[in-house]
Amino acid sequence: MNNRKIFGKVCGLIGFVSLLACIAACNNDGKMPVGRVANPKSLYFDYKIWGDEESGMITLNLQYRLGGIEGMPVSLVPPANVTLDGYRMEPDSSKMNGVYYEVNIPVQDFAGPHEIVCTDIEDRKYKERFEFPVISLKTELPKIITRKDLNFELAGLDTLDFVRTIFTDTSFYGRGIDRVDTVRDGLVTISRAALKNLRNGPVYLEFYKEEGWPLKETKSAGGRFTLTYVVKRAFELKDSANLESK
């Protein structure tokens, strides 16, 4: 067999394999396979939970990464499994995020303590107990706010706590406000001086309650837990009557 024929057969084989790969990708509907086998001793537990007042939903997302925090997400090989409050979670996947375990729960149904239990293939259990911090504004904001020291009262925080505060306007030159505030007895104060970073007009306010810690019970690769909840509002910022008269 001459070299040209050999080359032609090799090219044909490569094309056939590529076609099969393409068909498989199309049949998979853009999802990554969820049945990858991983060394259970090298899994990094990556737990995230977030929610917002606007949607009224809490999302719990769990991933088991191969080797470390930047590792490829993989599915747990049965009989290994993970449960939330005793209910088994099933794997899903996407092209962008890989394999994950996820559940969406209304905020009003998520009060109180919760427990995630990951059981490995050797029936060892790794438990994480937590409560999700849901915050809210005690008093609704008016549609128009004048420039002065502003006090916001938040419910759902400890006596001494922290929130990330973000104010943005619609102007190109507005610097906005983005900072972490120490909150005592639920009170967040934004001084009139700080409002100089905002132009008059529509202003968007966001309060983020963010927490994170290393997981207590994990494989040797370790793990992390991050929680985020956000409250958003919009209002119009104007100069006070005294300022306008000057």
# chains A, B, ... in the order shown; residues from 1 in each chain; ligands from 1
call {"tool": "select_by_dssp", "arguments": {"residues": "region 42-183 of chain A", "states": "strand (DSSP E or B)", "output": "number ranges by chain"}}
result
A: 43-52, 57-66, 73-74, 81-84, 87-88, 91-94, 98-106, 113-119, 125-131, 136-137, 144-146, 150-155, 160-169, 177-183
call {"tool": "residues_around", "arguments": {"residues": "Ile145 (chain A)", "least_positions_apart": "2", "cutoff": "7 Å", "atoms": "only C-alpha atoms", "output": "VMD selection string"}}
result
chain A and resid 142 to 143 147 235 to 238
call {"tool": "write_last_selection", "arguments": {"atoms": "C-alpha atoms", "output": "PDB file, in the first residue's frame"}}
result
ATOM      1  CA  PRO A 142     -39.256  56.801  49.624  1.00  0.00           C
ATOM      2  CA  LYS A 143     -39.093  57.271  45.867  1.00  0.00           C
ATOM      3  CA  ARG A 147     -28.876  64.762  50.164  1.00  0.00           C
ATOM      4  CA  PHE A 235     -34.659  55.851  44.259  1.00  0.00           C
ATOM      5  CA  GLU A 236     -34.094  59.353  42.895  1.00  0.00           C
ATOM      6  CA  LEU A 237     -31.429  61.461  44.580  1.00  0.00           C
ATOM      7  CA  LYS A 238     -31.975  65.225  44.731  1.00  0.00           C
TER       8      LYS A 238
END
call {"tool": "closest_atom_pairs", "arguments": {"of": "region 97-171 of chain A", "to": "region 207-227 of chain A", "cutoff": "9 Å", "atoms": "only C-alpha atoms", "output": "Markdown table"}}
result
| residue | atom | partner | partner_atom | distance |
| --- | --- | --- | --- | --- |
| A:Cys118 | CA | A:Thr218 | CA | 8.9 |
| A:Lys125 | CA | A:Glu217 | CA | 8.5 |
| A:Tyr126 | CA | A:Glu217 | CA | 5.1 |
| A:Lys127 | CA | A:Glu217 | CA | 6.1 |
| A:Glu128 | CA | A:Lys216 | CA | 7.0 |
| A:Phe132 | CA | A:Leu227 | CA | 7.2 |
| A:Pro133 | CA | A:Lys209 | CA | 7.2 |
| A:Val134 | CA | A:Lys209 | CA | 8.1 |
| A:Ile135 | CA | A:Lys209 | CA | 7.4 |
| A:Leu157 | CA | A:Lys209 | CA | 8.8 |
| A:Phe162 | CA | A:Lys209 | CA | 7.2 |
| A:Val163 | CA | A:Lys209 | CA | 5.0 |
| A:Arg164 | CA | A:Tyr208 | CA | 4.9 |
| A:Thr165 | CA | A:Phe207 | CA | 4.9 |
| A:Ile166 | CA | A:Phe207 | CA | 6.6 |
call {"tool": "decode", "arguments": {"residues": "region 143-166 of chain A", "atoms": "N, CA and C atoms", "output": "tab-separated table (two decimals), in the first residue's frame"}}
result
chain	number	residue	atom	x	y	z
A	143	LYS	N	-39.52	57.24	47.27
A	143	LYS	CA	-39.09	57.27	45.87
A	143	LYS	C	-38.05	58.36	45.61
A	144	ILE	N	-38.10	59.44	46.41
A	144	ILE	CA	-37.15	60.55	46.26
A	144	ILE	C	-36.44	60.75	47.59
A	145	ILE	N	-35.11	60.82	47.56
A	145	ILE	CA	-34.30	61.03	48.76
A	145	ILE	C	-33.41	62.25	48.53
A	146	THR	N	-33.39	63.17	49.50
A	146	THR	CA	-32.56	64.36	49.39
A	146	THR	C	-31.19	64.11	50.04
A	147	ARG	N	-30.24	64.91	49.66
A	147	ARG	CA	-28.88	64.76	50.16
A	147	ARG	C	-28.79	65.14	51.64
A	148	LYS	N	-28.50	64.17	52.45
A	148	LYS	CA	-28.32	64.33	53.89
A	148	LYS	C	-27.73	63.02	54.41
A	149	ASP	N	-27.40	62.97	55.69
A	149	ASP	CA	-26.98	61.70	56.27
A	149	ASP	C	-28.14	60.72	56.20
A	150	LEU	N	-27.90	59.55	55.63
A	150	LEU	CA	-28.97	58.56	55.44
A	150	LEU	C	-28.76	57.38	56.39
A	151	ASN	N	-29.85	56.98	57.05
A	151	ASN	CA	-29.82	55.83	57.94
A	151	ASN	C	-30.72	54.73	57.39
A	152	PHE	N	-30.18	53.54	57.30
A	152	PHE	CA	-30.93	52.39	56.82
A	152	PHE	C	-30.94	51.33	57.93
A	153	GLU	N	-32.13	50.84	58.26
A	153	GLU	CA	-32.26	49.81	59.29
A	153	GLU	C	-32.48	48.45	58.63
A	154	LEU	N	-31.59	47.52	58.94
A	154	LEU	CA	-31.67	46.18	58.37
A	154	LEU	C	-32.06	45.16	59.42
A	155	ALA	N	-32.97	44.27	59.06
A	155	ALA	CA	-33.35	43.15	59.92
A	155	ALA	C	-32.60	41.90	59.45
A	156	GLY	N	-32.40	40.96	60.38
A	156	GLY	CA	-31.78	39.70	60.03
A	156	GLY	C	-30.29	39.63	60.29
A	157	LEU	N	-29.73	40.67	60.96
A	157	LEU	CA	-28.31	40.71	61.25
A	157	LEU	C	-28.05	40.50	62.73
A	158	ASP	N	-26.82	40.13	63.06
A	158	ASP	CA	-26.42	40.05	64.46
A	158	ASP	C	-26.27	41.47	65.02
A	159	THR	N	-26.15	41.57	66.34
A	159	THR	CA	-25.98	42.88	66.98
A	159	THR	C	-24.79	43.63	66.40
A	160	LEU	N	-23.68	42.92	66.17
A	160	LEU	CA	-22.53	43.47	65.47
A	160	LEU	C	-22.29	42.62	64.23
A	161	ASP	N	-22.37	43.25	63.06
A	161	ASP	CA	-22.30	42.46	61.82
A	161	ASP	C	-21.67	43.33	60.73
A	162	PHE	N	-21.62	42.77	59.52
A	162	PHE	CA	-21.00	43.47	58.39
A	162	PHE	C	-21.85	43.26	57.14
A	163	VAL	N	-21.97	44.31	56.33
A	163	VAL	CA	-22.62	44.20	55.02
A	163	VAL	C	-21.78	44.96	54.00
A	164	ARG	N	-21.86	44.53	52.77
A	164	ARG	CA	-21.25	45.29	51.67
A	164	ARG	C	-22.32	46.21	51.11
A	165	THR	N	-21.98	47.49	51.00
A	165	THR	CA	-22.92	48.51	50.55
A	165	THR	C	-22.47	49.07	49.21
A	166	ILE	N	-23.38	49.06	48.22
A	166	ILE	CA	-23.06	49.56	46.89
A	166	ILE	C	-24.14	50.54	46.44
